[in-house]
$ cat coords-v9.cif   # mmCIF, C-alpha atoms and all ligand atoms
data_protein
#
loop_
_atom_site.group_PDB
_atom_site.id
_atom_site.type_symbol
_atom_site.label_atom_id
_atom_site.label_comp_id
_atom_site.auth_asym_id
_atom_site.auth_seq_id
_atom_site.Cartn_x
_atom_site.Cartn_y
_atom_site.Cartn_z
ATOM 1 C CA MET A 1 88.300 -74.592 -101.211
ATOM 2 C CA TYR A 2 85.354 -76.128 -103.053
ATOM 3 C CA THR A 3 84.951 -79.819 -102.263
ATOM 4 C CA ASP A 4 82.989 -80.597 -105.444
ATOM 5 C CA LEU A 5 86.078 -79.701 -107.512
ATOM 6 C CA ASN A 6 88.101 -82.521 -105.938
ATOM 7 C CA GLY A 7 88.991 -85.017 -108.712
ATOM 8 C CA LYS A 8 87.541 -82.880 -111.531
ATOM 9 C CA VAL A 9 89.491 -82.487 -114.778
ATOM 10 C CA ALA A 10 90.269 -79.049 -116.225
ATOM 11 C CA VAL A 11 91.956 -77.772 -119.371
ATOM 12 C CA VAL A 12 93.700 -74.398 -119.022
ATOM 13 C CA THR A 13 94.875 -72.739 -122.233
ATOM 14 C CA GLY A 14 97.959 -70.532 -121.985
ATOM 15 C CA GLY A 15 98.860 -72.011 -118.613
ATOM 16 C CA SER A 16 102.610 -71.503 -118.685
ATOM 17 C CA LYS A 17 102.572 -68.121 -116.965
ATOM 18 C CA GLY A 18 100.514 -65.307 -115.515
ATOM 19 C CA ILE A 19 96.841 -65.869 -114.823
ATOM 20 C CA GLY A 20 96.766 -69.328 -116.467
ATOM 21 C CA HIS A 21 99.622 -70.515 -114.247
ATOM 22 C CA ALA A 22 97.807 -69.195 -111.150
ATOM 23 C CA ILE A 23 94.566 -70.942 -112.175
ATOM 24 C CA ALA A 24 96.439 -74.223 -112.665
ATOM 25 C CA LYS A 25 98.013 -73.873 -109.208
ATOM 26 C CA ARG A 26 94.666 -73.049 -107.606
ATOM 27 C CA PHE A 27 93.114 -76.100 -109.282
ATOM 28 C CA GLY A 28 95.987 -78.123 -107.809
ATOM 29 C CA GLN A 29 94.961 -76.837 -104.382
ATOM 30 C CA GLU A 30 91.444 -78.022 -105.214
ATOM 31 C CA LYS A 31 92.957 -81.508 -105.877
ATOM 32 C CA MET A 32 91.982 -81.413 -109.520
ATOM 33 C CA SER A 33 93.680 -82.880 -112.610
ATOM 34 C CA VAL A 34 94.849 -80.144 -114.956
ATOM 35 C CA VAL A 35 95.884 -80.174 -118.611
ATOM 36 C CA ILE A 36 98.226 -77.201 -118.875
ATOM 37 C CA ASN A 37 98.549 -75.883 -122.408
ATOM 38 C CA TYR A 38 101.597 -73.905 -123.485
ATOM 39 C CA HIS A 39 102.542 -72.373 -126.810
ATOM 40 C CA SER A 40 106.329 -71.949 -126.599
ATOM 41 C CA ASP A 41 107.307 -71.728 -122.905
ATOM 42 C CA LYS A 42 107.815 -75.391 -121.952
ATOM 43 C CA ALA A 43 109.779 -74.506 -118.803
ATOM 44 C CA GLY A 44 106.900 -72.294 -117.669
ATOM 45 C CA ALA A 45 104.427 -75.126 -118.248
ATOM 46 C CA GLU A 46 106.639 -77.542 -116.305
ATOM 47 C CA SER A 47 106.791 -75.078 -113.447
ATOM 48 C CA ALA A 48 102.978 -74.718 -113.508
ATOM 49 C CA ALA A 49 102.643 -78.522 -113.520
ATOM 50 C CA LYS A 50 104.965 -78.753 -110.510
ATOM 51 C CA SER A 51 102.886 -76.235 -108.619
ATOM 52 C CA VAL A 52 99.791 -78.360 -109.327
ATOM 53 C CA THR A 53 101.381 -81.598 -108.130
ATOM 54 C CA ASP A 54 103.023 -79.870 -105.136
ATOM 55 C CA GLU A 55 99.512 -78.866 -104.063
ATOM 56 C CA GLY A 56 98.193 -82.428 -104.399
ATOM 57 C CA GLY A 57 96.635 -82.285 -107.865
ATOM 58 C CA LYS A 58 97.613 -84.036 -111.089
ATOM 59 C CA ALA A 59 99.003 -82.339 -114.193
ATOM 60 C CA ALA A 60 99.872 -82.938 -117.840
ATOM 61 C CA ILE A 61 101.472 -80.355 -120.102
ATOM 62 C CA VAL A 62 100.612 -80.078 -123.799
ATOM 63 C CA GLN A 63 102.181 -77.893 -126.460
ATOM 64 C CA ALA A 64 99.470 -76.534 -128.757
ATOM 65 C CA ASP A 65 98.526 -73.419 -130.655
ATOM 66 C CA ILE A 66 95.020 -72.623 -129.447
ATOM 67 C CA SER A 67 94.287 -70.632 -132.589
ATOM 68 C CA THR A 68 94.111 -73.929 -134.528
ATOM 69 C CA GLU A 69 91.490 -76.683 -134.469
ATOM 70 C CA GLU A 70 94.199 -79.351 -134.074
ATOM 71 C CA GLY A 71 95.555 -77.460 -131.060
ATOM 72 C CA ALA A 72 92.196 -77.348 -129.299
ATOM 73 C CA LYS A 73 91.523 -81.026 -130.071
ATOM 74 C CA ALA A 74 94.959 -82.041 -128.754
ATOM 75 C CA LEU A 75 94.052 -80.548 -125.369
ATOM 76 C CA LEU A 76 90.794 -82.465 -125.117
ATOM 77 C CA ASP A 77 92.545 -85.660 -126.195
ATOM 78 C CA ALA A 78 95.170 -85.145 -123.485
ATOM 79 C CA ALA A 79 92.466 -84.710 -120.834
ATOM 80 C CA VAL A 80 90.662 -87.875 -121.905
ATOM 81 C CA GLU A 81 93.850 -89.957 -122.283
ATOM 82 C CA ASN A 82 95.538 -88.806 -119.075
ATOM 83 C CA PHE A 83 92.568 -88.278 -116.777
ATOM 84 C CA GLY A 84 89.601 -90.093 -118.335
ATOM 85 C CA GLY A 85 87.471 -87.088 -119.279
ATOM 86 C CA MET A 86 87.039 -83.331 -119.036
ATOM 87 C CA ASP A 87 84.771 -81.235 -116.788
ATOM 88 C CA ILE A 88 85.993 -77.644 -116.986
ATOM 89 C CA TRP A 89 87.546 -75.770 -119.914
ATOM 90 C CA ILE A 90 89.305 -72.441 -119.344
ATOM 91 C CA ASN A 91 89.958 -70.339 -122.440
ATOM 92 C CA ASN A 92 92.679 -68.212 -120.867
ATOM 93 C CA ALA A 93 95.331 -67.772 -123.595
ATOM 94 C CA GLY A 94 95.641 -64.214 -124.819
ATOM 95 C CA MET A 95 97.934 -61.627 -126.322
ATOM 96 C CA GLU A 96 97.929 -57.942 -127.232
ATOM 97 C CA ILE A 97 99.696 -55.710 -129.743
ATOM 98 C CA LYS A 98 99.829 -51.936 -129.322
ATOM 99 C CA SER A 99 99.541 -49.766 -132.432
ATOM 100 C CA PRO A 100 97.668 -46.696 -133.597
ATOM 101 C CA THR A 101 94.788 -48.272 -135.503
ATOM 102 C CA HIS A 102 95.565 -46.534 -138.804
ATOM 103 C CA GLU A 103 99.027 -48.133 -138.655
ATOM 104 C CA LEU A 104 97.939 -51.558 -137.404
ATOM 105 C CA SER A 105 98.892 -54.178 -139.984
ATOM 106 C CA LEU A 106 96.383 -56.785 -141.065
ATOM 107 C CA ASP A 107 98.929 -59.363 -139.970
ATOM 108 C CA ASP A 108 98.989 -58.003 -136.400
ATOM 109 C CA TRP A 109 95.178 -57.701 -136.320
ATOM 110 C CA ASN A 110 94.954 -61.349 -137.381
ATOM 111 C CA LYS A 111 97.562 -62.464 -134.832
ATOM 112 C CA VAL A 112 95.632 -60.956 -131.915
ATOM 113 C CA THR A 113 92.151 -61.992 -132.995
ATOM 114 C CA ALA A 114 93.368 -65.525 -133.860
ATOM 115 C CA VAL A 115 94.238 -66.121 -130.205
ATOM 116 C CA ASP A 116 91.904 -63.800 -128.268
ATOM 117 C CA GLN A 117 88.765 -64.385 -130.326
ATOM 118 C CA THR A 118 89.116 -67.439 -132.593
ATOM 119 C CA GLY A 119 91.001 -69.341 -129.875
ATOM 120 C CA VAL A 120 88.043 -68.859 -127.522
ATOM 121 C CA PHE A 121 85.666 -70.127 -130.219
ATOM 122 C CA LEU A 122 87.812 -73.177 -131.014
ATOM 123 C CA GLY A 123 88.328 -74.114 -127.363
ATOM 124 C CA SER A 124 84.626 -73.660 -126.607
ATOM 125 C CA LYS A 125 83.615 -75.660 -129.683
ATOM 126 C CA VAL A 126 85.747 -78.647 -128.718
ATOM 127 C CA ALA A 127 84.507 -78.498 -125.112
ATOM 128 C CA LEU A 128 80.842 -78.116 -126.076
ATOM 129 C CA ASP A 129 81.077 -80.959 -128.577
ATOM 130 C CA TYR A 130 82.517 -83.198 -125.863
ATOM 131 C CA PHE A 131 79.872 -82.214 -123.282
ATOM 132 C CA VAL A 132 76.957 -82.621 -125.708
ATOM 133 C CA LYS A 133 78.082 -85.919 -127.253
ATOM 134 C CA ASN A 134 78.776 -87.428 -123.833
ATOM 135 C CA ASN A 135 75.618 -85.943 -122.291
ATOM 136 C CA LYS A 136 77.877 -84.524 -119.611
ATOM 137 C CA LYS A 137 77.535 -81.584 -117.244
ATOM 138 C CA GLY A 138 80.046 -78.963 -118.399
ATOM 139 C CA ASN A 139 81.618 -75.671 -117.480
ATOM 140 C CA ILE A 140 83.440 -73.180 -119.721
ATOM 141 C CA ILE A 141 85.203 -70.035 -118.491
ATOM 142 C CA ASN A 142 86.466 -67.471 -120.985
ATOM 143 C CA MET A 143 89.145 -64.956 -120.008
ATOM 144 C CA SER A 144 87.796 -61.646 -121.197
ATOM 145 C CA SER A 145 88.972 -58.279 -119.860
ATOM 146 C CA VAL A 146 87.690 -54.965 -118.570
ATOM 147 C CA HIS A 147 88.249 -54.070 -122.237
ATOM 148 C CA GLU A 148 85.108 -55.949 -123.207
ATOM 149 C CA ALA A 149 83.471 -52.833 -121.751
ATOM 150 C CA ILE A 150 86.133 -50.080 -121.710
ATOM 151 C CA PRO A 151 87.432 -48.829 -125.074
ATOM 152 C CA TRP A 152 91.236 -48.993 -125.323
ATOM 153 C CA PRO A 153 92.808 -46.701 -127.913
ATOM 154 C CA THR A 154 95.869 -48.183 -129.693
ATOM 155 C CA PHE A 155 94.731 -51.686 -128.651
ATOM 156 C CA ALA A 156 91.750 -51.914 -131.034
ATOM 157 C CA SER A 157 92.339 -55.555 -132.015
ATOM 158 C CA TYR A 158 92.445 -56.592 -128.350
ATOM 159 C CA ALA A 159 89.355 -54.604 -127.335
ATOM 160 C CA ALA A 160 87.453 -55.857 -130.402
ATOM 161 C CA ALA A 161 88.357 -59.452 -129.554
ATOM 162 C CA LYS A 162 87.364 -59.097 -125.890
ATOM 163 C CA GLY A 163 84.084 -57.407 -126.861
ATOM 164 C CA SER A 164 83.469 -60.432 -129.053
ATOM 165 C CA VAL A 165 84.273 -62.808 -126.181
ATOM 166 C CA LYS A 166 81.628 -61.064 -124.084
ATOM 167 C CA LEU A 167 78.767 -61.691 -126.516
ATOM 168 C CA PHE A 168 80.082 -65.078 -127.603
ATOM 169 C CA THR A 169 80.021 -66.127 -123.939
ATOM 170 C CA LYS A 170 76.456 -64.911 -123.451
ATOM 171 C CA THR A 171 75.304 -66.517 -126.690
ATOM 172 C CA ILE A 172 76.655 -69.985 -125.997
ATOM 173 C CA ALA A 173 75.580 -69.715 -122.344
ATOM 174 C CA MET A 174 72.025 -69.355 -123.617
ATOM 175 C CA GLU A 175 72.431 -71.953 -126.368
ATOM 176 C CA TYR A 176 73.589 -74.695 -123.984
ATOM 177 C CA ALA A 177 71.876 -73.671 -120.709
ATOM 178 C CA ASN A 178 69.289 -76.447 -121.034
ATOM 179 C CA GLN A 179 72.027 -79.031 -121.658
ATOM 180 C CA ASN A 180 73.645 -78.640 -118.239
ATOM 181 C CA VAL A 181 76.557 -76.549 -119.538
ATOM 182 C CA ARG A 182 77.400 -73.226 -117.865
ATOM 183 C CA VAL A 183 79.504 -70.635 -119.668
ATOM 184 C CA ASN A 184 80.879 -67.512 -118.008
ATOM 185 C CA ALA A 185 83.613 -64.961 -118.566
ATOM 186 C CA ILE A 186 86.064 -63.274 -116.243
ATOM 187 C CA GLY A 187 87.004 -59.650 -116.834
ATOM 188 C CA PRO A 188 90.310 -58.938 -115.105
ATOM 189 C CA GLY A 189 91.439 -55.350 -114.643
ATOM 190 C CA ALA A 190 95.137 -54.550 -114.243
ATOM 191 C CA ILE A 191 96.833 -57.717 -113.020
ATOM 192 C CA ASN A 192 100.510 -58.230 -112.278
ATOM 193 C CA THR A 193 101.516 -60.735 -114.990
ATOM 194 C CA PRO A 194 104.161 -60.951 -117.755
ATOM 195 C CA ILE A 195 101.757 -59.322 -120.254
ATOM 196 C CA ASN A 196 102.142 -56.102 -118.212
ATOM 197 C CA ALA A 197 105.801 -56.527 -117.199
ATOM 198 C CA GLU A 198 107.208 -53.856 -119.504
ATOM 199 C CA LYS A 199 104.449 -51.367 -118.711
ATOM 200 C CA PHE A 200 104.686 -51.849 -114.937
ATOM 201 C CA ALA A 201 108.502 -51.587 -114.990
ATOM 202 C CA ASP A 202 107.991 -47.939 -115.932
ATOM 203 C CA LYS A 203 106.999 -46.203 -112.680
ATOM 204 C CA LYS A 204 105.062 -43.476 -114.475
ATOM 205 C CA GLN A 205 102.931 -46.004 -116.324
ATOM 206 C CA TYR A 206 102.512 -48.125 -113.206
ATOM 207 C CA ASP A 207 101.304 -45.113 -111.181
ATOM 208 C CA LYS A 208 98.991 -44.063 -114.002
ATOM 209 C CA THR A 209 97.421 -47.531 -114.076
ATOM 210 C CA VAL A 210 97.003 -47.602 -110.281
ATOM 211 C CA SER A 211 95.280 -44.195 -110.476
ATOM 212 C CA MET A 212 92.623 -45.826 -112.691
ATOM 213 C CA VAL A 213 91.756 -48.385 -110.005
ATOM 214 C CA PRO A 214 89.419 -47.234 -107.199
ATOM 215 C CA MET A 215 91.013 -49.794 -104.846
ATOM 216 C CA ASN A 216 94.348 -48.139 -105.594
ATOM 217 C CA ARG A 217 96.396 -51.211 -106.376
ATOM 218 C CA ILE A 218 97.237 -53.708 -109.085
ATOM 219 C CA GLY A 219 95.570 -57.132 -108.754
ATOM 220 C CA THR A 220 97.279 -60.488 -108.389
ATOM 221 C CA PRO A 221 96.876 -63.552 -110.641
ATOM 222 C CA GLU A 222 95.736 -65.453 -107.536
ATOM 223 C CA GLU A 223 92.775 -63.073 -107.137
ATOM 224 C CA VAL A 224 91.694 -63.919 -110.689
ATOM 225 C CA ALA A 225 92.249 -67.638 -110.055
ATOM 226 C CA ALA A 226 89.940 -67.415 -107.020
ATOM 227 C CA GLY A 227 87.151 -66.199 -109.316
ATOM 228 C CA ALA A 228 87.858 -69.019 -111.760
ATOM 229 C CA ALA A 229 87.621 -71.582 -108.943
ATOM 230 C CA TRP A 230 84.273 -70.168 -107.829
ATOM 231 C CA LEU A 231 82.858 -70.171 -111.354
ATOM 232 C CA ALA A 232 84.174 -73.716 -111.886
ATOM 233 C CA SER A 233 82.573 -74.947 -108.680
ATOM 234 C CA ASP A 234 78.971 -75.781 -107.828
ATOM 235 C CA GLU A 235 78.939 -72.768 -105.492
ATOM 236 C CA SER A 236 78.084 -70.793 -108.650
ATOM 237 C CA SER A 237 75.607 -73.423 -109.878
ATOM 238 C CA TYR A 238 72.900 -70.880 -110.869
ATOM 239 C CA VAL A 239 75.305 -68.527 -112.676
ATOM 240 C CA THR A 240 75.663 -68.549 -116.441
ATOM 241 C CA GLY A 241 76.347 -65.935 -119.116
ATOM 242 C CA ILE A 242 77.968 -63.344 -116.854
ATOM 243 C CA THR A 243 81.281 -61.579 -116.931
ATOM 244 C CA LEU A 244 82.730 -61.580 -113.433
ATOM 245 C CA PHE A 245 84.857 -58.444 -113.276
ATOM 246 C CA ILE A 246 87.891 -58.822 -111.006
ATOM 247 C CA ASP A 247 89.235 -55.333 -111.371
ATOM 248 C CA GLY A 248 89.412 -53.399 -108.080
ATOM 249 C CA GLY A 249 86.553 -51.270 -109.409
ATOM 250 C CA MET A 250 88.177 -50.274 -112.719
ATOM 251 C CA THR A 251 84.842 -50.623 -114.533
ATOM 252 C CA LEU A 252 83.093 -48.234 -112.088
ATOM 253 C CA TYR A 253 83.941 -45.044 -114.037
ATOM 254 C CA PRO A 254 86.681 -43.943 -111.589
ATOM 255 C CA ALA A 255 86.843 -40.485 -113.190
ATOM 256 C CA PHE A 256 83.582 -39.785 -111.291
ATOM 257 C CA LYS A 257 85.022 -40.738 -107.895
ATOM 258 C CA ASP A 258 84.964 -37.215 -106.462
ATOM 259 C CA GLY A 259 81.283 -36.746 -107.227
ATOM 260 C CA GLU A 260 81.904 -34.262 -110.011
ATOM 261 C CA GLY A 261 80.466 -34.264 -113.510
HETATM 262 P P1 LIG B 1 100.478 -63.694 -120.112
HETATM 263 O O1 LIG B 1 101.120 -63.062 -121.290
HETATM 264 O O2 LIG B 1 101.224 -63.801 -118.850
HETATM 265 O O3 LIG B 1 99.917 -65.125 -120.489
HETATM 266 C C1 LIG B 1 99.243 -65.365 -121.691
HETATM 267 C C2 LIG B 1 99.352 -66.825 -122.010
HETATM 268 O O4 LIG B 1 98.709 -67.095 -123.267
HETATM 269 C C3 LIG B 1 100.815 -67.271 -122.167
HETATM 270 O O5 LIG B 1 101.002 -68.477 -121.462
HETATM 271 C C4 LIG B 1 100.954 -67.477 -123.667
HETATM 272 O O6 LIG B 1 101.916 -68.426 -124.016
HETATM 273 C C5 LIG B 1 99.564 -67.955 -124.018
HETATM 274 N N1 LIG B 1 99.300 -67.909 -125.450
HETATM 275 C C6 LIG B 1 99.434 -66.865 -126.300
HETATM 276 N N2 LIG B 1 99.178 -67.258 -127.563
HETATM 277 C C7 LIG B 1 98.858 -68.583 -127.506
HETATM 278 C C8 LIG B 1 98.477 -69.555 -128.468
HETATM 279 N N3 LIG B 1 98.385 -69.250 -129.772
HETATM 280 N N4 LIG B 1 98.220 -70.809 -128.045
HETATM 281 C C9 LIG B 1 98.325 -71.141 -126.751
HETATM 282 N N5 LIG B 1 98.670 -70.262 -125.792
HETATM 283 C C10 LIG B 1 98.937 -68.998 -126.165
HETATM 284 O O7 LIG B 1 99.135 -62.872 -119.870
HETATM 285 P P2 LIG B 1 98.073 -62.923 -118.671
HETATM 286 O O8 LIG B 1 98.022 -61.582 -118.102
HETATM 287 O O9 LIG B 1 98.282 -64.080 -117.784
HETATM 288 O O10 LIG B 1 96.753 -63.102 -119.541
HETATM 289 C C11 LIG B 1 95.901 -64.218 -119.465
HETATM 290 C C12 LIG B 1 94.544 -63.814 -119.999
HETATM 291 O O11 LIG B 1 94.001 -62.781 -119.169
HETATM 292 C C13 LIG B 1 94.583 -63.245 -121.423
HETATM 293 O O12 LIG B 1 93.451 -63.679 -122.140
HETATM 294 C C14 LIG B 1 94.528 -61.751 -121.186
HETATM 295 O O13 LIG B 1 93.994 -61.043 -122.279
HETATM 296 C C15 LIG B 1 93.622 -61.693 -119.973
HETATM 297 N N6 LIG B 1 93.720 -60.449 -119.215
HETATM 298 C C16 LIG B 1 94.873 -60.122 -118.557
HETATM 299 C C17 LIG B 1 94.926 -58.922 -117.854
HETATM 300 C C18 LIG B 1 96.140 -58.484 -117.083
HETATM 301 O O14 LIG B 1 96.158 -57.347 -116.593
HETATM 302 N N7 LIG B 1 97.164 -59.300 -116.930
HETATM 303 C C19 LIG B 1 93.817 -58.069 -117.848
HETATM 304 C C20 LIG B 1 92.678 -58.435 -118.553
HETATM 305 C C21 LIG B 1 92.639 -59.627 -119.223
#
$ encode --input "coords-v9.cif" --output "structure tokens" --more "lines below"
Ligand code: NAD
Amino acid sequence: MYTDLNGKVAVVTGGSKGIGHAIAKRFGQEKMSVVINYHSDKAGAESAAKSVTDEGGKAAIVQADISTEEGAKALLDAAVENFGGMDIWINNAGMEIKSPTHELSLDDWNKVTAVDQTGVFLGSKVALDYFVKNNKKGNIINMSSVHEAIPWPTFASYAAAKGSVKLFTKTIAMEYANQNVRVNAIGPGAINTPINAEKFADKKQYDKTVSMVPMNRIGTPEEVAAGAAWLASDESSYVTGITLFIDGGMTLYPAFKDGEG
């Protein structure tokens, strides 16, 4: 636990399930107040809110599409109205669509980049505007992926968006470093969440994924949430502009593990 997080206010986009849900719960354990954004899964958001309050934190749920300016603003407004301000903004919402790139429709490209890339911009913009105008110390964490670094055939829109998140994070980290705002990214590897449910239900695909992880296992949403808590806390006070990979070593070129090549 990080005592400086006690009483802080966080916004978590896409908090109704998976990694966002786990971050909300962890922030509850840190006795924080959390605005949990959901897109369509209200029951999931209510369950995330319950896990926050069960742990001793406070929670509000807000339906919003993070790929719109009104959606991002609604989340900030909810933080200010319910909890009197906002300290930490987590751009977690994400989606992916699989398709050979020559068959990928413009519509599907736009759907993925609207959430994974534009959503990160819109959330960051609203948070930065609030921090700057209120002369307030701030903290932004963007959910990237190992695919900001590792190419991912048939997921070009996703990899392109996450590559963008990487440099967007570094750019705004530099732009606002002298205004007491830290901005970092997290690059999860293969994590057991609904986004992977179909893939991991297929034993062959599950085993194939595990074989790409030097630590030989799939990660948990709680392990990603632990990284988010550290980056949100003052324990990481001199860290800005990084991607913290939480991937069991997936970005270590596991094909070289036997010393060949
Ligand atoms: P998930 O599918 O379980 O959760 C994604 C969340 O984003 C959902 O709550 C969904 O409703 C929300 N969302 C989607 N579109 C939205 C929109 N327009 N507005 C608001 N919310 C929206 O997936 P997850 O695994 O928990 O993924 C969370 C983040 O972590 C994503 O950015 C994802 O790319 C990233 N990530 C996940 C993994 C993994 O293995 N699970 C690996 C690398 C990166």
$ resolve_selection --input "coords-v9.cif" --expression "the PyMOL selection byres (((chain A and resi 232) around 10) and not hetatm)" --output "MDAnalysis selection string"
chainID A and resid 2 4:5 8 10 27 87:90 138:141 182:184 226:231 233:237
$ residues_near_ligand --input "coords-v9.cif" --ligand "ligand LIG 1 (chain B)" --cutoff "6 Å" --atoms "all atoms listed in the file" --output "ChimeraX atom specification"
/A:13-20,38-39,64-67,92-95,115,143-145,188-195
$ write_last_selection --input "coords-v9.cif" --atoms "C-alpha atoms" --output "compact mmCIF listing (two decimals), in the coordinates of the input"
# COMPACT_ATOMS: atom_id res chain seq x y z
CA THR A 13 94.88 -72.74 -122.23
CA GLY A 14 97.96 -70.53 -121.98
CA GLY A 15 98.86 -72.01 -118.61
CA SER A 16 102.61 -71.50 -118.68
CA LYS A 17 102.57 -68.12 -116.96
CA GLY A 18 100.51 -65.31 -115.52
CA ILE A 19 96.84 -65.87 -114.82
CA GLY A 20 96.77 -69.33 -116.47
CA TYR A 38 101.60 -73.90 -123.48
CA HIS A 39 102.54 -72.37 -126.81
CA ALA A 64 99.47 -76.53 -128.76
CA ASP A 65 98.53 -73.42 -130.66
CA ILE A 66 95.02 -72.62 -129.45
CA SER A 67 94.29 -70.63 -132.59
CA ASN A 92 92.68 -68.21 -120.87
CA ALA A 93 95.33 -67.77 -123.60
CA GLY A 94 95.64 -64.21 -124.82
CA MET A 95 97.93 -61.63 -126.32
CA VAL A 115 94.24 -66.12 -130.21
CA MET A 143 89.14 -64.96 -120.01
CA SER A 144 87.80 -61.65 -121.20
CA SER A 145 88.97 -58.28 -119.86
CA PRO A 188 90.31 -58.94 -115.10
CA GLY A 189 91.44 -55.35 -114.64
CA ALA A 190 95.14 -54.55 -114.24
CA ILE A 191 96.83 -57.72 -113.02
CA ASN A 192 100.51 -58.23 -112.28
CA THR A 193 101.52 -60.74 -114.99
CA PRO A 194 104.16 -60.95 -117.76
CA ILE A 195 101.76 -59.32 -120.25
$ resolve_selection --input "coords-v9.cif" --expression "the PyMOL selection byres (((chain A and resi 7) around 8) and not hetatm)" --output "number ranges by chain"
A: 5-6, 8-9, 31-33
$ resolve_selection --input "coords-v9.cif" --expression "the PyMOL selection byres (((chain A and resi 164) around 12) and not hetatm)" --output "list in words"
Thr113, Asp116, Gln117, Thr118, Gly119, Val120, Phe121, Asn142, Met143, Ser144, Ser145, His147, Glu148, Ala149, Ser157, Tyr158, Ala159, Ala160, Ala161, Lys162, Gly163, Val165, Lys166, Leu167, Phe168, Thr169, Lys170, Thr171 and Ala185 of chain A
$ atom_distance --input "coords-v9.cif" --atom1 "atom CA of A:Asp41" --atom2 "atom CA of A:Val62"
10.7 Å
$ residues_around --input "coords-v9.cif" --residues "A:Ala60" --least-positions-apart "3" --cutoff "8 Å" --atoms "all atoms listed in the file" --output "list in words"
Val34, Val35, Ile36, Ala49, Ala78 and Asn82 of chain A
$ residues_around --input "coords-v9.cif" --residues "A:Val146" --least-positions-apart "5" --cutoff "8 Å" --atoms "all atoms listed in the file" --output "MDAnalysis selection string"
chainID A and resid 187:189 245 247 250:251
$ residues_around --input "coords-v9.cif" --residues "A:Val213" --least-positions-apart "2" --cutoff "10 Å" --atoms "only C-alpha atoms" --output "list of chain:residue names"
A:Gly189, A:Ala190, A:Lys208, A:Thr209, A:Val210, A:Ser211, A:Met215, A:Asn216, A:Arg217, A:Ile218, A:Gly219, A:Asp247, A:Gly248, A:Gly249, A:Met250, A:Thr251, A:Leu252, A:Tyr253, A:Pro254, A:Ala255
$ closest_residue --input "coords-v9.cif" --among "A:Phe131, A:Phe155, A:Gly71, A:Glu30" --to "A:Trp109" --atoms "all atoms listed in the file"
A:Phe155
$ atom_distance --input "coords-v9.cif" --atom1 "atom CA of A:Gly261" --atom2 "atom CA of A:Ile242"
29.4 Å
